[in-house]
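target_10.cif, holding mmCIF, C-alpha atoms:
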```cif
data_work
loop_
_atom_site.label_atom_id
_atom_site.label_comp_id
_atom_site.auth_asym_id
_atom_site.auth_seq_id
_atom_site.Cartn_x
_atom_site.Cartn_y
_atom_site.Cartn_z
CA MET A 839 -25.50 1.08 -2.15
CA THR A 840 -29.08 1.33 -3.42
CA GLY A 841 -31.31 3.69 -1.48
CA ARG A 842 -28.65 5.52 0.50
CA PRO A 843 -26.19 8.28 -0.36
CA LEU A 844 -22.72 7.39 -1.58
CA ARG A 845 -20.33 8.48 1.17
CA VAL A 846 -17.11 10.04 -0.12
CA GLY A 847 -13.74 10.59 1.54
CA LEU A 848 -11.66 13.39 0.04
CA VAL A 849 -7.88 13.33 0.51
CA GLY A 850 -6.39 16.80 0.11
CA TYR A 851 -7.99 20.21 0.55
CA GLY A 852 -5.74 22.50 -1.45
CA LEU A 853 -6.72 24.00 -4.79
CA ALA A 854 -7.97 20.75 -6.37
CA GLY A 855 -9.81 19.51 -3.30
CA SER A 856 -11.45 22.75 -2.18
CA VAL A 857 -12.20 24.40 -5.54
CA PHE A 858 -13.05 21.42 -7.74
CA HIS A 859 -13.76 18.16 -5.97
CA ALA A 860 -15.59 19.14 -2.79
CA PRO A 861 -18.10 21.46 -4.53
CA LEU A 862 -18.75 18.98 -7.35
CA ILE A 863 -19.16 16.03 -4.99
CA THR A 864 -21.66 17.91 -2.84
CA ALA A 865 -23.55 19.07 -5.95
CA THR A 866 -24.03 15.47 -7.13
CA GLU A 867 -27.38 13.90 -6.36
CA GLY A 868 -26.96 10.86 -4.16
CA MET A 869 -23.41 11.75 -3.01
CA VAL A 870 -22.34 13.04 0.40
CA LEU A 871 -18.95 14.45 1.34
CA ASP A 872 -18.29 12.43 4.49
CA THR A 873 -14.63 13.13 5.36
CA VAL A 874 -11.93 15.60 4.33
CA VAL A 875 -8.34 14.58 4.96
CA THR A 876 -5.89 17.42 5.59
CA SER A 877 -3.26 17.86 8.28
CA SER A 878 -3.92 21.62 8.39
CA PRO A 879 -6.32 22.68 11.19
CA GLU A 880 -7.09 25.83 9.18
CA ARG A 881 -8.13 23.82 6.12
CA GLN A 882 -10.17 21.47 8.30
CA ARG A 883 -12.04 24.53 9.59
CA GLN A 884 -12.52 25.86 6.05
CA ALA A 885 -14.01 22.52 4.95
CA ARG A 886 -16.47 22.49 7.85
CA ASP A 887 -17.45 26.11 7.21
CA ALA A 888 -18.00 25.46 3.50
CA PHE A 889 -19.67 22.05 3.61
CA GLY A 890 -21.23 21.70 7.02
CA ASP A 891 -21.23 18.33 8.76
CA VAL A 892 -18.04 16.94 7.25
CA ARG A 893 -15.59 14.91 9.30
CA PRO A 894 -12.01 16.17 9.48
CA ALA A 895 -9.16 13.67 9.39
CA ALA A 896 -5.44 14.32 9.75
CA SER A 897 -4.29 11.35 7.65
CA ALA A 898 -5.61 8.98 5.02
CA ASP A 899 -5.01 6.05 7.39
CA GLU A 900 -8.19 7.15 9.17
CA LEU A 901 -10.11 6.45 5.95
CA TRP A 902 -8.68 2.97 5.51
CA ALA A 903 -9.70 2.17 9.10
CA ARG A 904 -13.28 3.17 8.21
CA ALA A 905 -13.35 1.63 4.74
CA GLY A 906 -16.65 -0.15 5.44
CA GLU A 907 -18.39 3.19 6.00
CA LEU A 908 -17.28 4.74 2.69
CA ASP A 909 -18.20 4.17 -0.95
CA LEU A 910 -15.51 6.22 -2.70
CA VAL A 911 -12.18 7.89 -2.01
CA VAL A 912 -11.10 10.94 -4.03
CA ILE A 913 -7.39 11.73 -4.09
CA ALA A 914 -6.66 15.42 -4.64
CA SER A 915 -3.30 15.60 -2.91
CA PRO A 916 0.12 16.51 -4.43
CA ASN A 917 1.14 14.49 -7.50
CA LYS A 918 3.83 12.45 -5.76
CA THR A 919 1.23 10.98 -3.36
CA HIS A 920 -1.23 9.82 -6.01
CA VAL A 921 0.15 6.32 -6.58
CA PRO A 922 0.74 5.33 -2.93
CA LEU A 923 -2.61 6.71 -1.80
CA ALA A 924 -4.55 5.13 -4.68
CA THR A 925 -2.81 1.82 -4.01
CA ALA A 926 -3.69 1.96 -0.31
CA ALA A 927 -7.31 2.83 -1.08
CA LEU A 928 -7.71 -0.05 -3.53
CA GLU A 929 -6.06 -2.45 -1.11
CA ALA A 930 -8.55 -1.28 1.52
CA GLY A 931 -11.36 -2.25 -0.87
CA LEU A 932 -12.39 1.28 -1.82
CA PRO A 933 -13.22 2.62 -5.30
CA VAL A 934 -11.00 5.55 -6.22
CA VAL A 935 -11.02 8.79 -8.20
CA VAL A 936 -7.56 10.33 -8.64
CA ASP A 937 -6.86 13.85 -9.81
CA LYS A 938 -4.73 14.13 -12.92
CA PRO A 939 -2.03 13.10 -13.55
CA VAL A 940 -2.80 9.76 -11.91
CA ALA A 941 0.90 8.84 -11.84
CA GLY A 942 4.33 9.89 -13.01
CA THR A 943 4.62 7.09 -15.56
CA ALA A 944 2.32 5.09 -17.79
CA ALA A 945 3.63 1.89 -16.19
CA GLU A 946 2.46 3.06 -12.76
CA ALA A 947 -0.96 3.99 -14.17
CA ARG A 948 -1.34 0.55 -15.78
CA ALA A 949 -0.28 -1.16 -12.54
CA LEU A 950 -2.97 0.77 -10.66
CA GLY A 951 -5.51 -0.18 -13.32
CA ALA A 952 -4.51 -3.84 -13.00
CA LEU A 953 -4.90 -3.68 -9.21
CA ALA A 954 -8.36 -2.12 -9.56
CA ASP A 955 -9.39 -4.82 -12.04
CA GLU A 956 -8.04 -7.55 -9.75
CA ARG A 957 -10.09 -6.17 -6.85
CA GLY A 958 -13.15 -5.47 -8.99
CA LEU A 959 -13.09 -1.80 -8.03
CA LEU A 960 -13.66 1.45 -9.89
CA LEU A 961 -10.58 3.54 -10.68
CA SER A 962 -11.10 6.77 -12.57
CA VAL A 963 -9.02 9.87 -13.28
CA PHE A 964 -10.45 13.37 -12.95
CA GLN A 965 -10.06 14.92 -16.39
CA ASN A 966 -12.55 17.74 -15.95
CA ARG A 967 -11.51 19.54 -19.16
CA ARG A 968 -13.45 16.95 -21.17
CA TRP A 969 -16.49 18.84 -19.88
CA ASP A 970 -15.30 22.34 -20.83
CA ASN A 971 -17.76 24.29 -22.96
CA ASP A 972 -15.34 24.68 -25.87
CA PHE A 973 -14.46 20.99 -25.91
CA LEU A 974 -18.12 19.93 -25.85
CA THR A 975 -18.89 22.42 -28.63
CA LEU A 976 -16.00 21.20 -30.77
CA ARG A 977 -17.04 17.57 -30.32
CA ALA A 978 -20.55 18.48 -31.49
CA LEU A 979 -19.14 20.23 -34.58
CA LEU A 980 -16.98 17.20 -35.39
CA ASP A 981 -19.90 14.79 -34.87
CA ARG A 982 -21.93 16.82 -37.37
CA GLY A 983 -19.06 16.87 -39.86
CA GLU A 984 -19.09 20.65 -40.11
CA LEU A 985 -15.29 20.95 -40.41
CA GLY A 986 -14.87 18.13 -42.92
CA ASP A 987 -11.71 16.09 -42.44
CA VAL A 988 -9.66 17.65 -39.67
CA GLN A 989 -6.09 18.33 -40.67
CA ARG A 990 -4.67 20.22 -37.70
CA PHE A 991 -5.82 20.70 -34.13
CA GLU A 992 -4.26 23.58 -32.22
CA SER A 993 -4.90 23.77 -28.50
CA ARG A 994 -3.46 26.34 -26.11
CA PHE A 995 -3.57 26.53 -22.35
CA GLU A 996 -1.62 29.72 -21.83
CA ARG A 997 -1.18 32.10 -18.90
CA TRP A 998 0.76 35.25 -18.18
CA ARG A 999 2.46 34.61 -14.84
CA PRO A 1000 5.91 36.16 -15.06
CA ARG A 1001 6.44 35.69 -11.31
CA LEU A 1002 6.69 32.31 -9.65
CA LYS A 1003 3.93 31.29 -7.26
CA GLY A 1004 5.96 28.58 -5.52
CA GLY A 1005 4.73 25.19 -4.34
CA TRP A 1006 5.13 21.64 -5.56
CA ARG A 1007 3.57 22.36 -8.98
CA GLU A 1008 6.60 24.49 -9.86
CA SER A 1009 9.15 22.18 -8.26
CA GLY A 1010 11.89 20.69 -10.41
CA LYS A 1011 12.37 17.70 -8.10
CA PRO A 1012 11.79 14.51 -10.11
CA GLU A 1013 9.61 12.94 -7.43
CA GLU A 1014 7.18 15.89 -7.58
CA PHE A 1015 6.73 15.70 -11.39
CA GLY A 1016 5.84 19.37 -11.38
CA GLY A 1017 5.98 21.74 -14.33
CA LEU A 1018 3.43 22.51 -17.02
CA LEU A 1019 4.09 19.38 -19.11
CA TYR A 1020 2.40 17.23 -16.46
CA ASP A 1021 0.07 19.90 -15.08
CA LEU A 1022 -1.64 21.58 -18.05
CA GLY A 1023 -0.14 19.15 -20.54
CA SER A 1024 -2.24 16.39 -18.98
CA HIS A 1025 -5.34 18.28 -20.11
CA VAL A 1026 -4.39 19.22 -23.67
CA VAL A 1027 -2.95 15.77 -24.45
CA ASP A 1028 -6.01 13.99 -23.05
CA GLN A 1029 -8.33 16.17 -25.13
CA ALA A 1030 -6.33 15.55 -28.30
CA LEU A 1031 -6.38 11.77 -27.79
CA VAL A 1032 -10.12 11.75 -27.06
CA LEU A 1033 -10.87 13.75 -30.21
CA PHE A 1034 -8.47 12.22 -32.70
CA GLY A 1035 -7.29 8.89 -31.37
CA PRO A 1036 -3.89 7.43 -30.48
CA ALA A 1037 -0.64 9.22 -31.17
CA ALA A 1038 1.94 7.60 -33.42
CA GLN A 1039 4.71 10.19 -33.07
CA VAL A 1040 5.57 12.83 -30.48
CA TYR A 1041 7.85 15.86 -30.77
CA ALA A 1042 8.26 18.45 -28.00
CA GLU A 1043 10.12 21.61 -27.03
CA SER A 1044 10.25 22.41 -23.33
CA ASP A 1045 11.84 25.47 -21.72
CA VAL A 1046 12.36 27.10 -18.35
CA ARG A 1047 11.75 30.80 -19.02
CA ARG A 1048 11.24 32.50 -15.65
CA GLU A 1049 14.06 33.54 -13.40
CA GLY A 1050 14.38 31.14 -10.51
CA ALA A 1051 12.11 28.53 -12.09
CA GLU A 1052 13.04 24.87 -11.64
CA ALA A 1053 10.51 23.14 -13.88
CA ASP A 1054 9.25 23.68 -17.43
CA ASP A 1055 6.98 26.70 -17.78
CA ASP A 1056 6.74 26.95 -21.59
CA THR A 1057 6.20 23.75 -23.58
CA PHE A 1058 5.09 22.83 -27.10
CA ILE A 1059 3.99 19.32 -28.09
CA ALA A 1060 3.36 18.10 -31.65
CA LEU A 1061 1.45 14.85 -32.10
CA THR A 1062 0.91 12.87 -35.27
CA HIS A 1063 -2.17 10.73 -34.67
CA THR A 1064 -2.67 7.35 -36.28
CA SER A 1065 -5.77 8.93 -37.85
CA GLY A 1066 -3.51 11.35 -39.76
CA VAL A 1067 -4.53 14.44 -37.76
CA ARG A 1068 -1.71 16.60 -36.42
CA SER A 1069 -2.14 18.19 -33.00
CA HIS A 1070 -0.11 21.23 -31.96
CA LEU A 1071 -0.42 21.73 -28.21
CA TYR A 1072 0.91 24.70 -26.24
CA VAL A 1073 1.10 25.12 -22.46
CA SER A 1074 2.75 28.21 -21.03
CA ALA A 1075 2.96 30.42 -17.98
CA THR A 1076 4.92 33.06 -19.91
CA ALA A 1077 2.56 33.99 -22.76
CA ALA A 1078 2.45 37.80 -22.88
CA GLN A 1079 -0.30 37.57 -25.51
CA LEU A 1080 -2.76 34.69 -25.25
CA GLY A 1081 -3.58 32.76 -28.41
CA PRO A 1082 -6.89 31.05 -29.18
CA ARG A 1083 -7.86 28.22 -26.86
CA PHE A 1084 -8.73 26.15 -29.96
CA ARG A 1085 -7.93 26.60 -33.64
CA VAL A 1086 -9.13 23.58 -35.59
CA LEU A 1087 -8.58 23.41 -39.35
CA GLY A 1088 -10.55 21.05 -41.56
CA SER A 1089 -11.07 20.41 -45.25
CA ARG A 1090 -14.39 22.33 -45.22
CA ALA A 1091 -14.04 24.89 -42.45
CA GLY A 1092 -12.17 25.94 -39.35
CA TYR A 1093 -13.26 26.62 -35.79
CA VAL A 1094 -11.56 29.25 -33.62
CA LYS A 1095 -12.35 29.80 -29.95
CA TYR A 1096 -10.77 32.28 -27.53
CA GLY A 1097 -11.04 32.34 -23.75
CA LEU A 1098 -11.34 29.71 -21.02
CA ASP A 1099 -14.43 27.84 -19.93
CA PRO A 1100 -16.07 29.86 -17.10
CA GLN A 1101 -16.58 26.99 -14.64
CA GLU A 1102 -13.22 27.16 -12.84
CA ALA A 1103 -13.56 30.91 -12.29
CA ALA A 1104 -17.08 30.40 -10.95
CA LEU A 1105 -15.94 27.67 -8.55
CA ARG A 1106 -13.07 29.84 -7.34
CA GLU A 1107 -15.60 32.57 -6.56
CA GLY A 1108 -17.59 30.15 -4.43
CA GLU A 1109 -20.43 29.60 -6.91
CA ARG A 1110 -22.05 26.16 -7.02
CA PRO A 1111 -23.59 24.22 -9.93
CA GLY A 1112 -27.24 24.96 -10.50
CA LEU A 1113 -29.58 26.67 -12.94
CA GLY A 1114 -27.56 28.46 -15.64
CA TRP A 1115 -24.32 26.71 -14.73
CA GLY A 1116 -21.54 26.73 -17.32
CA ILE A 1117 -23.25 29.14 -19.71
CA GLU A 1118 -20.97 31.51 -21.59
CA PRO A 1119 -21.89 34.99 -22.88
CA GLU A 1120 -22.37 35.35 -26.61
CA SER A 1121 -19.34 37.66 -26.79
CA MET A 1122 -17.11 34.65 -25.99
CA TRP A 1123 -18.53 32.25 -28.59
CA GLY A 1124 -16.17 30.76 -31.13
CA THR A 1125 -16.56 31.13 -34.89
CA LEU A 1126 -16.82 28.73 -37.80
CA GLY A 1127 -15.77 29.67 -41.31
CA ALA A 1128 -13.34 29.35 -44.20
CA GLY A 1129 -10.95 31.96 -45.59
CA GLU A 1130 -11.83 34.52 -42.92
CA SER A 1131 -10.35 35.91 -39.72
CA PRO A 1132 -12.49 35.89 -36.58
CA ARG A 1133 -10.53 38.87 -35.27
CA THR A 1134 -11.87 41.02 -38.11
CA GLY A 1135 -15.44 39.81 -37.85
CA GLY A 1136 -15.20 36.86 -40.22
CA GLY A 1137 -16.91 33.53 -39.67
CA THR A 1138 -20.22 32.50 -38.17
CA PRO A 1139 -20.60 32.59 -34.37
CA VAL A 1140 -21.12 29.13 -32.87
CA PRO A 1141 -23.13 29.09 -29.62
CA SER A 1142 -21.03 27.46 -26.92
CA LEU A 1143 -22.65 24.47 -25.27
CA PRO A 1144 -22.79 24.86 -21.48
CA GLY A 1145 -19.78 23.51 -19.64
CA ASP A 1146 -20.68 20.54 -17.45
CA TYR A 1147 -18.14 19.56 -14.78
CA PRO A 1148 -20.96 18.06 -12.67
CA ALA A 1149 -21.36 15.38 -15.37
CA TYR A 1150 -18.12 13.75 -14.22
CA TYR A 1151 -19.31 12.90 -10.72
CA ALA A 1152 -22.80 12.05 -11.99
CA ALA A 1153 -21.11 9.43 -14.17
CA ILE A 1154 -19.06 8.21 -11.20
CA ALA A 1155 -22.25 7.79 -9.17
CA SER A 1156 -23.81 5.84 -12.03
CA ALA A 1157 -20.74 3.63 -12.34
CA LEU A 1158 -20.84 2.80 -8.62
CA ARG A 1159 -24.58 2.19 -8.47
CA ASP A 1160 -25.30 0.66 -11.87
CA GLY A 1161 -21.98 -0.67 -13.10
CA THR A 1162 -21.81 1.67 -16.08
CA PRO A 1163 -18.32 2.46 -17.47
CA PRO A 1164 -16.37 5.13 -15.60
CA PRO A 1165 -16.15 8.51 -17.35
CA VAL A 1166 -12.33 8.32 -17.60
CA THR A 1167 -10.40 5.05 -17.31
CA ALA A 1168 -6.93 4.19 -16.07
CA HIS A 1169 -6.14 2.89 -19.57
CA GLU A 1170 -6.93 6.32 -21.06
CA ALA A 1171 -4.80 8.00 -18.41
CA ALA A 1172 -1.92 5.64 -19.20
CA ALA A 1173 -2.16 6.45 -22.91
CA ALA A 1174 -1.86 10.16 -22.11
CA LEU A 1175 1.13 9.44 -19.87
CA ASP A 1176 2.77 7.54 -22.74
CA VAL A 1177 2.61 10.80 -24.68
CA LEU A 1178 3.85 12.95 -21.77
CA GLU A 1179 6.81 10.62 -21.19
CA ALA A 1180 7.62 10.69 -24.90
CA ALA A 1181 7.35 14.49 -24.90
CA ARG A 1182 9.79 14.76 -22.01
CA ARG A 1183 12.24 12.49 -23.83
CA SER A 1184 11.80 14.38 -27.10
CA ALA A 1185 12.46 17.75 -25.48
CA ARG A 1186 15.48 16.43 -23.59
CA ASP A 1187 17.13 14.61 -26.50
CA GLY A 1188 15.91 16.70 -29.44
CA VAL A 1189 14.31 13.74 -31.19
CA THR A 1190 10.90 12.68 -32.49
CA VAL A 1191 9.64 9.70 -30.51
CA THR A 1192 7.64 6.94 -32.17
CA LEU A 1193 5.06 5.24 -29.99
#
```
Target format structure tokens, applied to this file:
Amino acid sequence: MTGRPLRVGLVGYGLAGSVFHAPLITATEGMVLDTVVTSSPERQRQARDAFGDVRPAASADELWARAGELDLVVIASPNKTHVPLATAALEAGLPVVVDKPVAGTAAEARALGALADERGLLLSVFQNRRWDNDFLTLRALLDRGELGDVQRFESRFERWRPRLKGGWRESGKPEEFGGLLYDLGSHVVDQALVLFGPAAQVYAESDVRREGAEADDDTFIALTHTSGVRSHLYVSATAAQLGPRFRVLGSRAGYVKYGLDPQEAALREGERPGLGWGIEPESMWGTLGAGESPRTGGGTPVPSLPGDYPAYYAAIASALRDGTPPPVTAHEAAAALDVLEAARRSARDGVTVTL
């Protein structure tokens, strides 16, 4: 691969493919978006208009037939297709990036990881929220010990969407594994495990609040980590008042941060990574303090580090060219799925699940 661009095939050109993956792939030095797979002629046209000389393909089988011309396949299709498509790509000898969640069960994720290891191929899961500005800032605070010993980590990914949007993400069909537990829950659980280590116990409450809804749209997950930290994680489409994105309480101080990282909104508006990317205005910075309320001016503002979604694909390029570790592994994805499966069981049976 040395000396030539890494040629990427992208499967799926809905929200994930068009807003996240295609722009980030094309912004990565040494990567080229070669092919976009979508059966929609309109989406094929949109991909060509947005990214120039990209090949359209109606099915992923066209990629497997050209496996020798490609260096990576990115799967950004509906959840239920992730496992069969990733399996086919690996069996065709192609490294794979899969959008989250990689699978519906931890067992499926581990089986994919085993197949990738057997073939000596990269398999990584796109967990872009590890490169959110608030997450990067919190990690820096923890690394410097500014909070002391963390006692409780509160993380919220809340929205106010009282009306259903439709589509597979809101489907209650088991094969779709829709709902917020697997959609936004994949992010908040992954972040908690990265920050504070494995979970020992899982408790969850999951509800269907909106009229006509089929899948969970308001879910709470409580984790007890083996490190002793407790994580309280909220994902909701029915939050009439949004809470802080992070509220982290330690023995020395707490960190509170409102608002979402600006990168998704920028990508949705058609902006592309470049100078000034991921920078947040000072008015959105979080605060650090003890015994104060940030809503009444208490605490010290903490400059938010720039968000850095491009770092994910830069790390993928490095892994393919230089053999460095992938930015997110199948093993990490399986650990998060262990928690999501336990949360589903906990909510259904009203029990605390020990992992």
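Evaluating the PyMOL selection byres ((chain A and resi 1042) around 8) against the shown model yields Val1040, Tyr1041, Glu1043, Ser1044, Thr1057, Phe1058, Ile1059, Ala1060, Ala1181, Arg1182, Ser1184, Ala1185, Gly1188 and Thr1190 of chain A.
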Written as a PDB file with C-alpha atoms, in the coordinates of the input, which residues does the PyMOL selection byres ((chain A and resi 942) around 9) give for the file shown?
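Listed below is the output, selection20.pdb:
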```
ATOM      1  CA  ASN A 917       1.140  14.490  -7.500  1.00  0.00           C
ATOM      2  CA  LYS A 918       3.830  12.450  -5.760  1.00  0.00           C
ATOM      3  CA  HIS A 920      -1.230   9.820  -6.010  1.00  0.00           C
ATOM      4  CA  VAL A 921       0.150   6.320  -6.580  1.00  0.00           C
ATOM      5  CA  PRO A 939      -2.030  13.100 -13.550  1.00  0.00           C
ATOM      6  CA  VAL A 940      -2.800   9.760 -11.910  1.00  0.00           C
ATOM      7  CA  ALA A 941       0.900   8.840 -11.840  1.00  0.00           C
ATOM      8  CA  THR A 943       4.620   7.090 -15.560  1.00  0.00           C
ATOM      9  CA  ALA A 944       2.320   5.090 -17.790  1.00  0.00           C
ATOM     10  CA  ALA A 945       3.630   1.890 -16.190  1.00  0.00           C
ATOM     11  CA  GLU A 946       2.460   3.060 -12.760  1.00  0.00           C
ATOM     12  CA  ALA A 947      -0.960   3.990 -14.170  1.00  0.00           C
ATOM     13  CA  GLU A1013       9.610  12.940  -7.430  1.00  0.00           C
ATOM     14  CA  GLU A1014       7.180  15.890  -7.580  1.00  0.00           C
ATOM     15  CA  PHE A1015       6.730  15.700 -11.390  1.00  0.00           C
ATOM     16  CA  TYR A1020       2.400  17.230 -16.460  1.00  0.00           C
ATOM     17  CA  LEU A1175       1.130   9.440 -19.870  1.00  0.00           C
ATOM     18  CA  GLU A1179       6.810  10.620 -21.190  1.00  0.00           C
TER      19      GLU A1179
END
```
| note | Counting all atoms listed in the file, closest pick from A:Ala1104, A:Ala978, A:Val1094, A:Ile1117 relative to Ser1131 of chain A is A:Val1094
| request: Could you expand the PyMOL selection byres ((chain A and resi 893) around 6) into the explicit residues it covers here, written as a ChimeraX atom specification? | output: /A:873,892,894
| message | Set the distance at 8 Å and use all atoms listed in the file: which residues neighbour Ser993 of chain A once local chain neighbours fewer than 5 positions away are removed? I'd like the list as a list in words. | response | Val1026, Ser1069, His1070, Leu1071, Tyr1072, Pro1082, Arg1083, Phe1084 and Arg1085 of chain A
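The coordinates place atom CA of Val1191 of chain A at 23.0 Å from atom CA of Gly1010 of chain A.
Pairwise distance (atom CA of Asp1160 of chain A, atom CA of Arg845 of chain A) equals 16.0 Å.
The gap separating atom CA of Ala905 of chain A from atom CA of Glu1170 of chain A is 27.0 Å, in Å to one decimal.
Considering the residues A:Gly1005, A:Pro1139, A:Gly847, A:Gly890 and counting only C-alpha atoms, Thr975 of chain A has its shortest atom-to-atom contact with A:Pro1139.
Within the 8 Å cut-off around Gly1081 of chain A, using all atoms listed in the file and omitting residues fewer than 2 positions from it on the same chain, the listed residues are Arg994, Glu996, Gln1079, Arg1083 and Tyr1096 of chain A.
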Output C-alpha atoms for every residue in that selection, as a compact mmCIF listing (two decimals), in the frame of the given file.
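So out_31.txt came out as:
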```txt
# COMPACT_ATOMS: atom_id res chain seq x y z
CA ARG A 994 -3.46 26.34 -26.11
CA GLU A 996 -1.62 29.72 -21.83
CA GLN A 1079 -0.30 37.57 -25.51
CA ARG A 1083 -7.86 28.22 -26.86
CA TYR A 1096 -10.77 32.28 -27.53
```
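Remark: for Ala898 of chain A, the closest of the candidate residues A:Arg883, A:Thr919, A:Pro1132, A:Gly1112 is A:Thr919 (distances computed over only C-alpha atoms).
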Determine, counting only C-alpha atoms, which protein, DNA and RNA residues have an atom within 9 Å of an atom of Gly1088 of chain A; residues of the same chain fewer than 6 positions away are not included. Present the result as a PDB file with C-alpha atoms, in the coordinates of the input.
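That gives us around-v9.pdb:
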```pdb
ATOM      1  CA  GLU A 984     -19.090  20.650 -40.110  1.00  0.00           C
ATOM      2  CA  LEU A 985     -15.290  20.950 -40.410  1.00  0.00           C
ATOM      3  CA  GLY A 986     -14.870  18.130 -42.920  1.00  0.00           C
ATOM      4  CA  ASP A 987     -11.710  16.090 -42.440  1.00  0.00           C
ATOM      5  CA  VAL A 988      -9.660  17.650 -39.670  1.00  0.00           C
ATOM      6  CA  GLN A 989      -6.090  18.330 -40.670  1.00  0.00           C
ATOM      7  CA  ARG A 990      -4.670  20.220 -37.700  1.00  0.00           C
ATOM      8  CA  PHE A 991      -5.820  20.700 -34.130  1.00  0.00           C
TER       9      PHE A 991
END
```
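Proximity ranking of A:Arg1106, A:Val870, A:Arg1068, A:Ser1156 relative to Leu1031 of chain A places A:Arg1068 first, based on all atoms listed in the file.
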| query | Which protein, DNA or RNA residues are at most 12 Å from (-10.9, 26.8, -3.4) in the file's coordinates when you count only C-alpha atoms, listed as number ranges by chain? | reply | A: 850-862, 881, 884-885, 888, 1102-1110
Write to file, as a PDB file, keeping the file's coordinate frame, the residues of the selection just made, with C-alpha atoms.
```pdb
ATOM      1  CA  GLY A 850      -6.390  16.800   0.110  1.00  0.00           C
ATOM      2  CA  TYR A 851      -7.990  20.210   0.550  1.00  0.00           C
ATOM      3  CA  GLY A 852      -5.740  22.500  -1.450  1.00  0.00           C
ATOM      4  CA  LEU A 853      -6.720  24.000  -4.790  1.00  0.00           C
ATOM      5  CA  ALA A 854      -7.970  20.750  -6.370  1.00  0.00           C
ATOM      6  CA  GLY A 855      -9.810  19.510  -3.300  1.00  0.00           C
ATOM      7  CA  SER A 856     -11.450  22.750  -2.180  1.00  0.00           C
ATOM      8  CA  VAL A 857     -12.200  24.400  -5.540  1.00  0.00           C
ATOM      9  CA  PHE A 858     -13.050  21.420  -7.740  1.00  0.00           C
ATOM     10  CA  HIS A 859     -13.760  18.160  -5.970  1.00  0.00           C
ATOM     11  CA  ALA A 860     -15.590  19.140  -2.790  1.00  0.00           C
ATOM     12  CA  PRO A 861     -18.100  21.460  -4.530  1.00  0.00           C
ATOM     13  CA  LEU A 862     -18.750  18.980  -7.350  1.00  0.00           C
ATOM     14  CA  ARG A 881      -8.130  23.820   6.120  1.00  0.00           C
ATOM     15  CA  GLN A 884     -12.520  25.860   6.050  1.00  0.00           C
ATOM     16  CA  ALA A 885     -14.010  22.520   4.950  1.00  0.00           C
ATOM     17  CA  ALA A 888     -18.000  25.460   3.500  1.00  0.00           C
ATOM     18  CA  GLU A1102     -13.220  27.160 -12.840  1.00  0.00           C
ATOM     19  CA  ALA A1103     -13.560  30.910 -12.290  1.00  0.00           C
ATOM     20  CA  ALA A1104     -17.080  30.400 -10.950  1.00  0.00           C
ATOM     21  CA  LEU A1105     -15.940  27.670  -8.550  1.00  0.00           C
ATOM     22  CA  ARG A1106     -13.070  29.840  -7.340  1.00  0.00           C
ATOM     23  CA  GLU A1107     -15.600  32.570  -6.560  1.00  0.00           C
ATOM     24  CA  GLY A1108     -17.590  30.150  -4.430  1.00  0.00           C
ATOM     25  CA  GLU A1109     -20.430  29.600  -6.910  1.00  0.00           C
ATOM     26  CA  ARG A1110     -22.050  26.160  -7.020  1.00  0.00           C
TER      27      ARG A1110
END
```
| field | Residue among A:Leu1061, A:Trp1006, A:Pro843, A:Ala865 lying closest to Ala1152 of chain A, counting only C-alpha atoms | value | A:Ala865
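Distances to Leu1126 of chain A were evaluated for A:Arg1047, A:His1063, A:Arg1159, A:Lys1095 using all atoms listed in the file, and the minimum falls at A:Lys1095.
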Close residues, segment 970-974 of chain A itself excluded, 7 Å, all atoms listed in the file, min 2 positions apart in chain, as a PDB file with C-alpha atoms, in the coordinates of the input:
```pdb
ATOM      1  CA  ARG A 967     -11.510  19.540 -19.160  1.00  0.00           C
ATOM      2  CA  ARG A 968     -13.450  16.950 -21.170  1.00  0.00           C
ATOM      3  CA  LEU A 976     -16.000  21.200 -30.770  1.00  0.00           C
ATOM      4  CA  ARG A 977     -17.040  17.570 -30.320  1.00  0.00           C
ATOM      5  CA  ALA A 978     -20.550  18.480 -31.490  1.00  0.00           C
ATOM      6  CA  ASP A1099     -14.430  27.840 -19.930  1.00  0.00           C
ATOM      7  CA  SER A1142     -21.030  27.460 -26.920  1.00  0.00           C
ATOM      8  CA  LEU A1143     -22.650  24.470 -25.270  1.00  0.00           C
ATOM      9  CA  PRO A1144     -22.790  24.860 -21.480  1.00  0.00           C
ATOM     10  CA  GLY A1145     -19.780  23.510 -19.640  1.00  0.00           C
ATOM     11  CA  ASP A1146     -20.680  20.540 -17.450  1.00  0.00           C
TER      12      ASP A1146
END
```
